[in-house]
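Participant: See entry-v1.txt below, with compact mmCIF, C-alpha atoms.
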# COMPACT_ATOMS: atom_id res chain seq x y z
CA MET A 1 116.65 -4.27 13.57
CA LYS A 2 120.18 -2.77 13.58
CA LYS A 3 120.87 -4.27 10.16
CA SER A 4 117.79 -2.62 8.59
CA VAL A 5 118.72 0.77 10.10
CA VAL A 6 122.23 0.50 8.62
CA VAL A 7 120.79 -0.44 5.20
CA LEU A 8 118.29 2.46 5.30
CA LEU A 9 121.04 4.87 6.35
CA GLY A 10 123.20 3.58 3.48
CA PHE A 11 120.42 4.20 0.94
CA PHE A 12 119.81 7.67 2.38
CA LEU A 13 123.48 8.63 2.07
CA LEU A 14 123.66 7.17 -1.43
CA GLY A 15 120.57 9.14 -2.43
CA MET A 16 122.00 12.37 -1.04
CA SER A 17 125.23 11.91 -3.01
CA VAL A 18 123.36 11.62 -6.32
CA PHE A 19 122.44 15.31 -6.17
CA ASP A 20 126.11 16.36 -6.18
CA VAL A 21 127.03 14.87 -9.56
CA ASP A 22 129.06 17.05 -11.88
CA ALA A 23 128.87 16.85 -15.64
CA ILE A 24 132.25 16.41 -17.28
CA GLY A 25 132.68 15.44 -20.91
CA ILE A 26 134.95 15.16 -23.94
CA SER A 27 134.17 16.39 -27.43
CA PRO A 28 134.46 14.81 -29.90
CA ALA A 29 134.03 11.49 -28.11
CA ARG A 30 135.59 9.48 -30.95
CA ILE A 31 138.12 10.25 -33.68
CA GLU A 32 139.20 7.78 -36.39
CA ILE A 33 142.51 8.18 -38.23
CA ASP A 34 143.87 6.04 -41.08
CA PHE A 35 147.45 4.98 -40.32
CA GLU A 36 150.22 6.41 -42.46
CA PRO A 37 153.92 5.90 -41.67
CA ASN A 38 155.38 8.82 -39.67
CA LEU A 39 152.07 10.68 -39.79
CA HIS A 40 152.14 14.01 -37.95
CA HIS A 41 148.70 15.35 -37.09
CA GLU A 42 147.41 18.00 -34.70
CA PHE A 43 143.84 18.24 -33.52
CA THR A 44 141.80 19.69 -30.68
CA LEU A 45 139.74 17.92 -28.02
CA TYR A 46 137.49 19.85 -25.69
CA LEU A 47 137.08 19.14 -22.00
CA LEU A 48 133.52 20.17 -21.10
CA ASN A 49 131.96 21.32 -17.84
CA SER A 50 128.17 21.37 -18.14
CA ALA A 51 127.67 21.74 -14.38
CA ASP A 52 126.60 24.94 -12.65
CA LYS A 53 129.78 25.09 -10.57
CA PRO A 54 133.51 25.05 -11.31
CA LEU A 55 135.35 21.75 -11.54
CA ASN A 56 138.96 20.68 -11.41
CA ALA A 57 139.83 18.40 -14.34
CA THR A 58 142.53 17.13 -16.66
CA LEU A 59 142.90 15.09 -19.82
CA GLN A 60 144.88 11.83 -19.70
CA ILE A 61 145.91 9.68 -22.66
CA GLY A 62 146.36 5.90 -22.36
CA GLY A 63 146.84 2.77 -24.41
CA GLU A 64 149.59 1.03 -26.34
CA LEU A 65 150.03 3.95 -28.74
CA ALA A 66 149.83 6.67 -26.05
CA PRO A 67 153.57 7.51 -26.26
CA TYR A 68 152.94 8.87 -29.77
CA PHE A 69 150.45 11.47 -28.44
CA LYS A 70 151.25 14.64 -26.49
CA SER A 71 148.95 17.13 -24.73
CA GLU A 72 149.02 19.64 -21.90
CA GLU A 73 149.46 18.16 -18.47
CA GLY A 74 148.05 19.13 -15.11
CA PHE A 75 144.67 19.91 -13.61
CA PHE A 76 142.77 23.02 -14.63
CA VAL A 77 139.74 24.68 -13.07
CA LEU A 78 136.90 24.90 -15.56
CA SER A 79 134.28 27.59 -14.98
CA PRO A 80 130.62 26.54 -14.92
CA GLN A 81 129.12 25.84 -18.36
CA SER A 82 132.50 26.17 -20.10
CA SER A 83 135.10 24.16 -21.98
CA LYS A 84 138.86 23.99 -22.34
CA ALA A 85 140.57 23.22 -25.63
CA TYR A 86 143.39 20.68 -25.50
CA ARG A 87 145.75 20.60 -28.45
CA ILE A 88 146.77 17.02 -29.16
CA VAL A 89 149.92 16.37 -31.20
CA MET A 90 150.23 12.92 -32.78
CA ASP A 91 153.50 11.63 -34.26
CA LEU A 92 152.97 8.03 -35.38
CA PRO A 93 155.91 5.66 -35.91
CA ALA A 94 157.01 4.34 -39.31
CA VAL A 95 155.48 0.92 -38.56
CA ILE A 96 152.75 -0.42 -36.29
CA LYS A 97 153.11 -4.20 -36.30
CA ARG A 98 149.60 -5.18 -35.21
CA PRO A 99 147.01 -4.51 -37.94
CA GLY A 100 143.43 -3.51 -37.24
CA LYS A 101 141.84 -0.82 -35.11
CA GLN A 102 144.18 0.37 -32.34
CA MET A 103 142.48 2.35 -29.58
CA VAL A 104 144.05 5.24 -27.71
CA SER A 105 141.91 6.14 -24.70
CA VAL A 106 141.37 9.75 -23.74
CA HIS A 107 140.11 10.24 -20.17
CA ALA A 108 138.59 13.44 -18.82
CA VAL A 109 139.32 13.10 -15.11
CA GLN A 110 137.79 15.24 -12.39
CA ALA A 111 139.29 15.81 -8.95
CA PRO A 112 138.01 17.75 -5.94
CA LEU A 113 138.65 21.50 -6.00
CA ASN A 114 141.37 22.67 -3.63
CA THR A 115 139.46 25.04 -1.36
CA GLY A 116 142.13 25.14 1.32
CA LYS A 117 139.82 23.35 3.74
CA GLU A 118 140.54 19.92 5.07
CA ILE A 119 138.48 17.24 3.33
CA LYS A 120 137.25 14.38 5.47
CA GLY A 121 135.55 11.23 4.29
CA ILE A 122 135.53 9.24 1.10
CA SER A 123 135.27 10.84 -2.30
CA ALA A 124 135.08 9.49 -5.82
CA ILE A 125 136.91 10.61 -8.92
CA VAL A 126 134.71 11.02 -11.99
CA SER A 127 136.19 10.02 -15.34
CA VAL A 128 134.69 9.77 -18.80
CA GLN A 129 136.42 8.17 -21.75
CA GLY A 130 136.74 9.18 -25.36
CA GLU A 131 138.77 7.32 -27.94
CA ILE A 132 141.11 7.87 -30.83
CA ILE A 133 141.08 4.93 -33.23
CA ILE A 134 144.12 4.36 -35.44
CA LYS A 135 143.13 2.10 -38.36
CA VAL A 136 146.24 0.09 -39.29
CA PRO A 137 145.83 -1.76 -42.61
CA TYR A 138 146.16 -5.54 -42.84
CA PRO A 139 148.71 -7.11 -45.21
CA GLY A 140 147.15 -8.38 -48.45
CA LYS A 141 143.37 -8.28 -48.82
CA TYR A 142 141.13 -7.96 -45.79
CA ALA A 143 137.47 -7.05 -46.05
CA GLU A 144 134.70 -6.59 -43.53
CA ALA A 145 131.07 -6.52 -44.56
CA GLU A 146 128.15 -4.71 -42.97
CA LEU A 147 124.54 -5.66 -43.66
CA GLU A 148 121.81 -3.06 -43.30
CA VAL A 149 118.15 -4.04 -43.64
CA THR A 150 115.23 -1.69 -43.04
CA ASP A 151 112.54 -2.70 -40.57
CA ILE A 152 109.26 -3.75 -42.17
CA ASN A 153 105.92 -5.28 -41.31
CA GLU A 154 104.87 -8.71 -42.54
CA GLY A 155 103.98 -8.67 -46.23
CA GLU A 156 105.98 -5.52 -47.04
CA SER A 157 109.11 -5.51 -49.18
CA SER A 158 112.47 -4.25 -47.97
CA THR A 159 115.86 -3.36 -49.30
CA ALA A 160 119.15 -4.73 -48.04
CA THR A 161 122.46 -2.94 -48.37
CA ILE A 162 125.76 -4.78 -48.02
CA ARG A 163 128.75 -2.51 -47.58
CA VAL A 164 132.22 -4.01 -48.03
CA ILE A 165 135.12 -2.13 -46.46
CA ASN A 166 138.68 -2.99 -47.41
CA TYR A 167 141.08 -2.77 -44.47
CA GLY A 168 143.89 -4.45 -46.42
CA LEU A 169 146.83 -3.00 -48.32
CA ASP A 170 145.87 -4.69 -51.61
CA ASP A 171 142.91 -3.49 -53.67
CA ILE A 172 139.77 -5.61 -53.82
CA ARG A 173 138.60 -5.25 -57.41
CA ARG A 174 135.51 -7.45 -57.19
CA ALA A 175 133.37 -8.75 -54.37
CA VAL A 176 130.25 -10.90 -54.56
CA GLY A 177 127.69 -11.32 -51.80
CA VAL A 178 124.69 -13.63 -51.56
CA LEU A 179 121.81 -12.90 -49.21
CA GLU A 180 119.46 -15.83 -48.65
CA ILE A 181 116.35 -15.36 -46.54
CA TYR A 182 114.48 -18.32 -45.07
CA ASP A 183 111.21 -18.56 -43.21
CA VAL A 184 110.93 -20.15 -39.77
CA ASP A 185 110.71 -23.65 -41.25
CA GLY A 186 113.93 -23.23 -43.22
The structure given in the file should be rewritten as structure tokens.

Facilitator:
Amino acid sequence: MKKSVVVLLGFFLLGMSVFDVDAIGISPARIEIDFEPNLHHEFTLYLLNSADKPLNATLQIGGELAPYFKSEEGFFVLSPQSSKAYRIVMDLPAVIKRPGKQMVSVHAVQAPLNTGKEIKGISAIVSVQGEIIIKVPYPGKYAEAELEVTDINEGESSTATIRVINYGLDDIRRAVGVLEIYDVDG
């Protein structure tokens, strides 16, 4: 009996906490940048508050390439239904040794507002993640292919599109693709 009361109380408290969820966001959620040696680039990310009350938030940058990115530091109070622009300054190095897509994570982190009152209990920190992708080319030729086929009903004809993207340093002058379609029996 005691166990079921504790479980019901737990569900009740969990249900009550759902109504106090704030809406924090980042815009744009994803940025892709082609790597160039010593590239200097400045852009703006927006920290969004779509809640009907103020929130205390900051922007944090993480990942292997995070030292090449700078932004304002500290927590800021965002008014209800507002946003704050963060200027991001990127200064990439002359060389990034690992080719491919390198992700820099951008976290919008919320913390409780400092009301001057003592806070008792357990609280959670809300964080949403955006990403900055640095596309570092591969040595030589390196291609990735994407296949796109439209949905159809049985007996209808369809088109297929194969897109080849070169992520290598050397040009790909010619590419050939073969698409073979089999029925269930092979």

Participant: Would you please work out which residue, of A:Leu48, A:Leu78, A:Leu169, A:Ala29, is nearest to Pro99 of chain A when using all atoms listed in the file?

Facilitator: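 Looking at the shortest contact to Pro99 of chain A, the residue is A:Leu169.
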
Participant: Which residues, written as JSON, numbers by chain, have at least one atom at most 9 Å from Glu42 of chain A, with all atoms listed in the file counted and residues fewer than 2 positions away on the same chain left out?

Facilitator: {"A": [40, 44, 87, 88, 89, 90, 91]}

Participant: If you keep C-alpha atoms, can you produce a file of those selected residues as a PDB file, in the frame of the given file?

Facilitator:
ATOM      1  CA  HIS A  40     152.140  14.010 -37.950  1.00  0.00           C
ATOM      2  CA  THR A  44     141.800  19.690 -30.680  1.00  0.00           C
ATOM      3  CA  ARG A  87     145.750  20.600 -28.450  1.00  0.00           C
ATOM      4  CA  ILE A  88     146.770  17.020 -29.160  1.00  0.00           C
ATOM      5  CA  VAL A  89     149.920  16.370 -31.200  1.00  0.00           C
ATOM      6  CA  MET A  90     150.230  12.920 -32.780  1.00  0.00           C
ATOM      7  CA  ASP A  91     153.500  11.630 -34.260  1.00  0.00           C
TER       8      ASP A  91
END

Participant: With all atoms listed in the file as the atoms that count, which of A:Ala111, A:Lys97, A:Ile61, A:Ser157 lies nearest to Ser123 of chain A?

Facilitator: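 With all atoms listed in the file as the atom set, the closest residue is A:Ala111.
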
Participant: What's around Tyr138 of chain A at 12 Å? Count all atoms listed in the file, leave out sequence neighbours fewer than 6 positions away in its own chain, and write the answer as a PDB file with C-alpha atoms, keeping the file's coordinate frame.

Facilitator:
ATOM      1  CA  ASP A  34     143.870   6.040 -41.080  1.00  0.00           C
ATOM      2  CA  PHE A  35     147.450   4.980 -40.320  1.00  0.00           C
ATOM      3  CA  ILE A  96     152.750  -0.420 -36.290  1.00  0.00           C
ATOM      4  CA  LYS A  97     153.110  -4.200 -36.300  1.00  0.00           C
ATOM      5  CA  ARG A  98     149.600  -5.180 -35.210  1.00  0.00           C
ATOM      6  CA  PRO A  99     147.010  -4.510 -37.940  1.00  0.00           C
ATOM      7  CA  GLY A 100     143.430  -3.510 -37.240  1.00  0.00           C
ATOM      8  CA  LYS A 101     141.840  -0.820 -35.110  1.00  0.00           C
ATOM      9  CA  GLU A 144     134.700  -6.590 -43.530  1.00  0.00           C
ATOM     10  CA  ASN A 166     138.680  -2.990 -47.410  1.00  0.00           C
ATOM     11  CA  TYR A 167     141.080  -2.770 -44.470  1.00  0.00           C
ATOM     12  CA  GLY A 168     143.890  -4.450 -46.420  1.00  0.00           C
ATOM     13  CA  LEU A 169     146.830  -3.000 -48.320  1.00  0.00           C
ATOM     14  CA  ASP A 170     145.870  -4.690 -51.610  1.00  0.00           C
ATOM     15  CA  ASP A 171     142.910  -3.490 -53.670  1.00  0.00           C
TER      16      ASP A 171
END

Participant: Taking all atoms listed in the file into account, which of A:Tyr46, A:His41, A:Lys141, A:His107 comes nearest Ser127 of chain A?

Facilitator: A:His107
